[in-house]
Each structure stands twice: as C-alpha cells, then as structure tokens.
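Structure data (mmCIF, C-alpha atoms) from input_0.cif:
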data_entry
#
loop_
_atom_site.label_atom_id
_atom_site.label_comp_id
_atom_site.auth_asym_id
_atom_site.auth_seq_id
_atom_site.Cartn_x
_atom_site.Cartn_y
_atom_site.Cartn_z
CA MET A 1 -163.44 -15.15 -21.02
CA ASN A 2 -162.35 -18.28 -22.85
CA LEU A 3 -161.43 -21.68 -21.38
CA ALA A 4 -157.66 -21.23 -21.76
CA ASN A 5 -157.73 -18.00 -19.74
CA LYS A 6 -159.95 -19.60 -17.08
CA ILE A 7 -157.37 -22.37 -16.66
CA THR A 8 -154.59 -19.78 -16.34
CA ILE A 9 -156.57 -17.91 -13.67
CA ALA A 10 -157.20 -21.21 -11.88
CA ARG A 11 -153.41 -21.73 -11.81
CA ILE A 12 -152.97 -18.35 -10.15
CA LEU A 13 -155.72 -19.19 -7.64
CA LEU A 14 -153.94 -22.44 -6.72
CA ILE A 15 -150.97 -20.43 -5.39
CA PRO A 16 -152.69 -19.39 -2.10
CA LEU A 17 -153.70 -23.04 -1.63
CA PHE A 18 -150.04 -24.04 -2.05
CA ILE A 19 -149.09 -21.43 0.57
CA LEU A 20 -151.79 -22.68 2.98
CA PHE A 21 -150.54 -26.27 2.89
CA PHE A 22 -146.82 -25.49 2.75
CA THR A 23 -146.76 -23.08 5.70
CA GLU A 24 -145.48 -24.32 9.04
CA TYR A 25 -147.88 -23.22 11.75
CA PRO A 26 -147.12 -22.57 15.44
CA LEU A 27 -147.46 -25.43 17.92
CA TRP A 28 -150.36 -23.83 19.81
CA LEU A 29 -152.36 -23.72 16.59
CA THR A 30 -151.54 -27.25 15.40
CA GLU A 31 -152.32 -28.75 18.82
CA ASN A 32 -155.64 -26.95 19.23
CA HIS A 33 -157.07 -27.21 15.72
CA ARG A 34 -157.33 -30.51 13.88
CA PHE A 35 -157.11 -28.90 10.44
CA PHE A 36 -153.79 -27.21 11.20
CA GLY A 37 -152.55 -30.38 12.90
CA PHE A 38 -153.36 -32.24 9.69
CA ILE A 39 -151.49 -29.63 7.66
CA GLN A 40 -148.50 -29.96 9.96
CA GLU A 41 -148.42 -33.71 9.34
CA ASP A 42 -149.24 -33.99 5.63
CA GLY A 43 -149.29 -30.43 4.32
CA ARG A 44 -146.05 -30.65 2.35
CA TYR A 45 -147.38 -33.54 0.26
CA ILE A 46 -150.64 -31.73 -0.42
CA ALA A 47 -148.62 -28.61 -1.32
CA LEU A 48 -146.60 -30.77 -3.72
CA ALA A 49 -149.80 -32.10 -5.34
CA VAL A 50 -151.13 -28.54 -5.69
CA PHE A 51 -147.79 -27.41 -7.18
CA ILE A 52 -147.76 -30.25 -9.72
CA LEU A 53 -151.41 -29.63 -10.63
CA ALA A 54 -150.73 -25.91 -11.12
CA SER A 55 -147.62 -26.66 -13.19
CA ALA A 56 -149.52 -29.14 -15.37
CA THR A 57 -152.18 -26.56 -16.19
CA ASP A 58 -149.47 -24.50 -17.90
CA LYS A 59 -149.27 -27.01 -20.74
CA LEU A 60 -153.04 -27.50 -20.77
CA ASP A 61 -154.00 -23.84 -21.19
CA GLY A 62 -151.39 -23.38 -23.94
CA TYR A 63 -152.64 -26.47 -25.77
CA ILE A 64 -156.27 -25.35 -25.57
CA ALA A 65 -155.42 -21.79 -26.64
CA ARG A 66 -153.60 -23.04 -29.76
CA LYS A 67 -155.97 -25.86 -30.68
CA TYR A 68 -159.17 -23.83 -30.36
CA ASN A 69 -157.68 -20.52 -31.49
CA GLN A 70 -158.22 -18.92 -28.07
CA ILE A 71 -154.98 -16.92 -27.97
CA THR A 72 -155.75 -13.51 -26.46
CA ASN A 73 -153.78 -10.53 -25.16
CA LEU A 74 -155.04 -11.35 -21.65
CA GLY A 75 -153.71 -14.89 -22.01
CA LYS A 76 -150.36 -13.61 -23.27
CA LEU A 77 -150.11 -11.48 -20.14
CA LEU A 78 -151.48 -13.92 -17.56
CA ASP A 79 -149.77 -17.15 -18.68
CA PRO A 80 -146.14 -16.09 -18.07
CA LEU A 81 -147.23 -14.14 -14.97
CA ALA A 82 -148.83 -17.27 -13.50
CA ASP A 83 -145.64 -19.28 -14.14
CA LYS A 84 -143.42 -16.65 -12.53
CA LEU A 85 -145.71 -16.30 -9.50
CA LEU A 86 -145.91 -20.06 -8.94
CA ILE A 87 -142.16 -20.64 -9.17
CA SER A 88 -141.29 -17.50 -7.16
CA VAL A 89 -143.70 -18.27 -4.33
CA ALA A 90 -142.50 -21.87 -4.12
CA LEU A 91 -138.85 -20.80 -4.01
CA ILE A 92 -139.41 -18.05 -1.44
CA MET A 93 -141.27 -20.43 0.86
CA MET A 94 -138.62 -23.11 0.41
CA VAL A 95 -135.88 -20.61 1.29
CA GLN A 96 -137.86 -19.62 4.39
CA SER A 97 -138.05 -23.30 5.38
CA GLY A 98 -134.33 -23.83 4.77
CA MET A 99 -134.91 -26.26 1.89
CA VAL A 100 -133.25 -24.18 -0.83
CA ALA A 101 -130.24 -21.87 -0.73
CA THR A 102 -131.15 -18.19 -0.91
CA TRP A 103 -128.81 -17.53 -3.84
CA ILE A 104 -130.64 -20.08 -5.99
CA ALA A 105 -133.99 -18.38 -5.40
CA VAL A 106 -132.45 -14.95 -6.04
CA VAL A 107 -130.87 -16.10 -9.33
CA ILE A 108 -134.07 -17.70 -10.62
CA ILE A 109 -136.37 -14.85 -9.58
CA ALA A 110 -133.94 -12.15 -10.79
CA ARG A 111 -133.75 -13.80 -14.21
CA GLU A 112 -137.52 -13.62 -14.49
CA PHE A 113 -137.54 -9.92 -13.56
CA VAL A 114 -134.85 -9.13 -16.14
CA ILE A 115 -136.57 -11.05 -18.94
CA THR A 116 -139.97 -9.58 -18.04
CA GLY A 117 -138.45 -6.10 -18.11
CA LEU A 118 -136.96 -6.77 -21.54
CA ARG A 119 -140.33 -8.02 -22.80
CA MET A 120 -142.07 -4.91 -21.45
CA VAL A 121 -139.61 -2.61 -23.23
CA ALA A 122 -140.06 -4.62 -26.42
CA SER A 123 -143.84 -4.53 -26.09
CA GLU A 124 -143.81 -0.73 -25.83
CA GLN A 125 -141.96 -0.70 -29.15
CA GLY A 126 -144.48 -3.04 -30.76
CA ILE A 127 -142.15 -6.04 -30.64
CA ALA A 128 -143.49 -9.33 -29.27
CA LEU A 129 -140.77 -11.46 -27.68
CA SER A 130 -141.96 -15.01 -27.18
CA ALA A 131 -140.40 -17.67 -25.01
CA ASP A 132 -137.75 -19.80 -26.65
CA LYS A 133 -137.10 -23.55 -26.29
CA LEU A 134 -134.44 -23.00 -23.62
CA GLY A 135 -136.92 -20.96 -21.57
CA LYS A 136 -139.48 -23.74 -21.75
CA LEU A 137 -136.87 -26.35 -20.82
CA LYS A 138 -135.77 -24.13 -17.93
CA MET A 139 -139.36 -24.01 -16.64
CA VAL A 140 -139.68 -27.81 -16.81
CA LEU A 141 -136.39 -28.30 -14.94
CA GLN A 142 -137.43 -25.77 -12.28
CA VAL A 143 -140.71 -27.63 -11.74
CA VAL A 144 -138.93 -31.02 -11.51
CA ALA A 145 -136.30 -29.60 -9.11
CA ILE A 146 -138.88 -27.96 -6.85
CA ALA A 147 -140.94 -31.18 -6.78
CA ALA A 148 -137.82 -33.23 -5.93
CA VAL A 149 -136.93 -30.88 -3.07
CA LEU A 150 -140.50 -31.00 -1.76
CA LEU A 151 -140.23 -34.82 -1.79
CA ASP A 152 -137.03 -34.51 0.27
CA ASN A 153 -135.02 -36.62 -2.21
CA TYR A 154 -137.63 -39.41 -2.26
CA PRO A 155 -137.39 -42.01 -3.91
CA PHE A 156 -133.75 -41.36 -4.86
CA GLN A 157 -132.65 -41.93 -1.27
CA PHE A 158 -133.33 -45.64 -1.69
CA VAL A 159 -130.95 -46.09 -4.62
CA THR A 160 -128.15 -43.56 -4.07
CA LEU A 161 -126.51 -41.45 -1.41
CA ILE A 162 -126.38 -38.53 -3.85
CA GLN A 163 -128.75 -35.70 -3.00
CA VAL A 164 -130.48 -35.76 -6.40
CA ASP A 165 -132.90 -33.00 -5.36
CA GLU A 166 -130.02 -30.63 -4.60
CA TRP A 167 -128.29 -31.43 -7.90
CA LEU A 168 -131.54 -30.88 -9.79
CA MET A 169 -131.94 -27.49 -8.11
CA LEU A 170 -128.36 -26.56 -9.03
CA ALA A 171 -129.00 -27.66 -12.61
CA ALA A 172 -132.19 -25.57 -12.68
CA ALA A 173 -130.26 -22.52 -11.45
CA GLY A 174 -127.52 -23.11 -14.03
CA LEU A 175 -129.98 -23.52 -16.89
CA THR A 176 -131.87 -20.45 -15.67
CA ILE A 177 -128.70 -18.36 -15.89
CA TYR A 178 -127.73 -19.80 -19.28
CA SER A 179 -131.20 -19.42 -20.80
CA GLY A 180 -131.42 -15.85 -19.50
CA ILE A 181 -128.10 -14.86 -21.08
CA HIS A 182 -129.05 -16.65 -24.30
CA TYR A 183 -132.43 -14.87 -24.43
CA LEU A 184 -130.86 -11.47 -23.76
CA LEU A 185 -128.19 -11.90 -26.43
CA ASN A 186 -130.72 -13.09 -29.02
CA ASN A 187 -133.27 -10.33 -28.37
CA TYR A 188 -131.32 -7.34 -27.10
CA ARG A 189 -130.40 -6.14 -30.58
CA LEU A 190 -134.07 -6.03 -31.60
CA ILE A 191 -134.82 -3.36 -29.01
CA LYS A 192 -133.83 0.28 -29.06
CA LEU A 193 -132.95 1.28 -25.49
CA ASN A 194 -133.19 5.09 -25.65
#

Output the file's structure in the form of structure tokens.
Amino acid sequence: MNLANKITIARILLIPLFILFFTEYPLWLTENHRFFGFIQEDGRYIALAVFILASATDKLDGYIARKYNQITNLGKLLDPLADKLLISVALIMMVQSGMVATWIAVVIIAREFVITGLRMVASEQGIALSADKLGKLKMVLQVVAIAAVLLDNYPFQFVTLIQVDEWLMLAAAGLTIYSGIHYLLNNYRLIKLN
C-alpha cells in the first residue's frame, strides 16, 4: 500500500476520534472519570482540531498521489468515501447536538448519495466520472462551514452580530445543491440508464 492510500486510511481512522471528542457524555460519567470530564470541557475544540486535520489530509493524499504517480483504484475508491464519511458524521453529530438544522444535513448527505450512485452506474459502464471544480469548492465550503459552527461563531462574534457560521452553513447547503444539479446535468447524458 502506497503513502497516499495510507494517508486516506488515516483520515478514515480519525473519524472515530472525532466522534469520541465531540460526543456529550452523561453527567455520572463526566463527574466520575477525569478523561470524560476533560472531554466535556474541551472536547469540542479537540474534535475541531481532529476535523481540520482530517480535512487537510484530503489535499495531502491527492498531492502525493499525483506527484509520485501513486494513483490507484483503491485510492480512487477510498478518497471520496473518506470525504463523504467525514462530512456526514460531522453533520449527523451536529444535528444531534442541535447545532445544525436537520434539512441542511439531509440535503448535503443526499447529494453525496445521488452523485455516488451516478458514479457507480457510470463505473459499471466503464465510464470514470471525476469530481469537477464546483464539487471541490463545495467540499472546501462545507469544511469551513462545519469548522465555523464548531467554533460557535468565534471570532466573528467580536466584530459583528451576524451569525457568520449559520450563513456559511446555508451557503454550503446552497452550493451543494447547485453543484449536484450541475454535475448531474453535465454527466447524465454520458450514461445509459437501462
């Protein structure tokens, strides 16, 4: 297994760590165990650091794969899967904590299922559908929006009363919808749906 694929797998393995630090634990557990008490106090910031680290590895593994000619079928499968898992888990947990509206998570996750389904159909027909620039921009905006929500609008709260984190999340949802429609329209005609 090459370095690029190892980095992608590391990104997937960071997801349970994100879950561990993001989860809110019951009072009896946080009062009786120092580790869980620590998580209750500072876990969200550690979860944010894990999320940013995992997101940053997306660019790193792609760069290494291209520069050192380490592009493999396993990497083509795992890289987008890792991205979808990371974003989906973060959104689901944020919905559970009341930080993000359910419809936003549903829209973003549903788009990923639809595009993944289209790619699977195309793959069965020997057609490789790669991500476009809008899809990459969408991913960046989703990461920025999730990070802003995890920071609870910090540091924007010091300079404006506008909930910048909420607007970023709305923009991410809007771009997700737009990029999904754009991707479908551009690639649908390439596929025979029999």

Using 12 Å as the limit and counting only C-alpha atoms, can you tabulate each residue of segment 81-114 of chain A that touches segment 4-16 of chain A, with its shortest atom-to-atom distance in Å and the two atoms involved, as a Markdown table?
| residue | atom | partner | partner_atom | distance |
| --- | --- | --- | --- | --- |
| A:Leu81 | CA | A:Ile12 | CA | 8.6 |
| A:Ala82 | CA | A:Ile12 | CA | 5.4 |
| A:Asp83 | CA | A:Ile12 | CA | 8.4 |
| A:Lys84 | CA | A:Ile12 | CA | 10.0 |
| A:Leu85 | CA | A:Ile12 | CA | 7.6 |
| A:Leu86 | CA | A:Ile15 | CA | 6.2 |
| A:Ile87 | CA | A:Ile15 | CA | 9.6 |
| A:Ser88 | CA | A:Ile15 | CA | 10.3 |
| A:Val89 | CA | A:Ile15 | CA | 7.7 |
| A:Ala90 | CA | A:Ile15 | CA | 8.7 |
| A:Met93 | CA | A:Ile15 | CA | 11.5 |

Find the residue from A:Ala148, A:Leu29, A:Leu168, A:Leu190 that sits nearest to Gly126 of chain A; use all atoms listed in the file when measuring.
A:Leu190

For the file shown, report as a PyMOL selection string the outcome of the PyMOL selection byres ((chain A and resi 132) around 12) at residue level.
chain A and resi 115+129-131+133-139+179-180+182-184+186-187

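The closest residue to Leu91 of chain A, picked from A:Leu17, A:Ala145, A:Ala171, A:Leu60 and counting all atoms listed in the file, is A:Ala145.
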
Trp28 of chain A: which residues within 12 Å, counting all atoms listed in the file, same-chain residues fewer than 5 positions away excluded, as a list in words?
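Close residues of Trp28 of chain A: His33, Arg34, Phe36, Gly37 and Gln40 of chain A.
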
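Between atom CA of Ile127 of chain A and atom CA of Leu77 of chain A the separation is 14.3 Å.
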
Once the PyMOL selection byres ((chain A and resi 51) around 8) is applied to the coordinates I shared, what remains selected? I want it as a short mmCIF file (atom, residue, chain, number, x, y, z; two decimals) with C-alpha atoms, in the frame of the given file.
data_model
loop_
_atom_site.label_atom_id
_atom_site.label_comp_id
_atom_site.auth_asym_id
_atom_site.auth_seq_id
_atom_site.Cartn_x
_atom_site.Cartn_y
_atom_site.Cartn_z
CA LEU A 14 -153.94 -22.44 -6.72
CA ILE A 15 -150.97 -20.43 -5.39
CA PHE A 18 -150.04 -24.04 -2.05
CA ALA A 47 -148.62 -28.61 -1.32
CA LEU A 48 -146.60 -30.77 -3.72
CA ALA A 49 -149.80 -32.10 -5.34
CA VAL A 50 -151.13 -28.54 -5.69
CA ILE A 52 -147.76 -30.25 -9.72
CA LEU A 53 -151.41 -29.63 -10.63
CA ALA A 54 -150.73 -25.91 -11.12
CA SER A 55 -147.62 -26.66 -13.19
CA LEU A 86 -145.91 -20.06 -8.94
CA ALA A 147 -140.94 -31.18 -6.78
#

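Rounded to one decimal, atom CA of Val149 of chain A and atom CA of Gly174 of chain A lie 16.4 Å from each other.
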
Nearest to Ala105 of chain A among A:Ala172, A:Val140, A:Ile71, A:Ile46, with distances taken over all atoms listed in the file: which residue is it?
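For Ala105 of chain A, the nearest of the candidates is A:Ala172.
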
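With distances taken over all atoms listed in the file, A:Leu3 is the one residue among A:Leu20, A:Leu3, A:Val100, A:Ile39 lying closest to Ala65 of chain A.
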
Enter the distance from atom CA of Asn153 of chain A to atom CA of Leu27 of chain A, in Å, rounded to one decimal.
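Answer for the atom CA of Asn153 of chain A to atom CA of Leu27 of chain A separation: 26.2 Å.
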
Choose the residue, out of A:Val159, A:Ser123, A:Gln142, A:Ala173, that has the smallest atom-to-atom separation from Ala101 of chain A; count only C-alpha atoms.
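Using only C-alpha atoms, the shortest distance to Ala101 of chain A belongs to A:Ala173.
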
For Glu112 of chain A, the closest of A:Tyr68, A:Pro80, A:Gly43, A:Leu151 counting all atoms listed in the file is A:Pro80

Please, what is the axis-aligned box for every listed atom of segment 112-130 of chain A with 4 Å on each side, as centre and edge lengths in Å to one decimal, as lines of an AutoDock Vina configuration file?
center_x = -139.7
center_y = -7.9
center_z = -22.2
size_x = 17.6
size_y = 22.3
size_z = 25.2
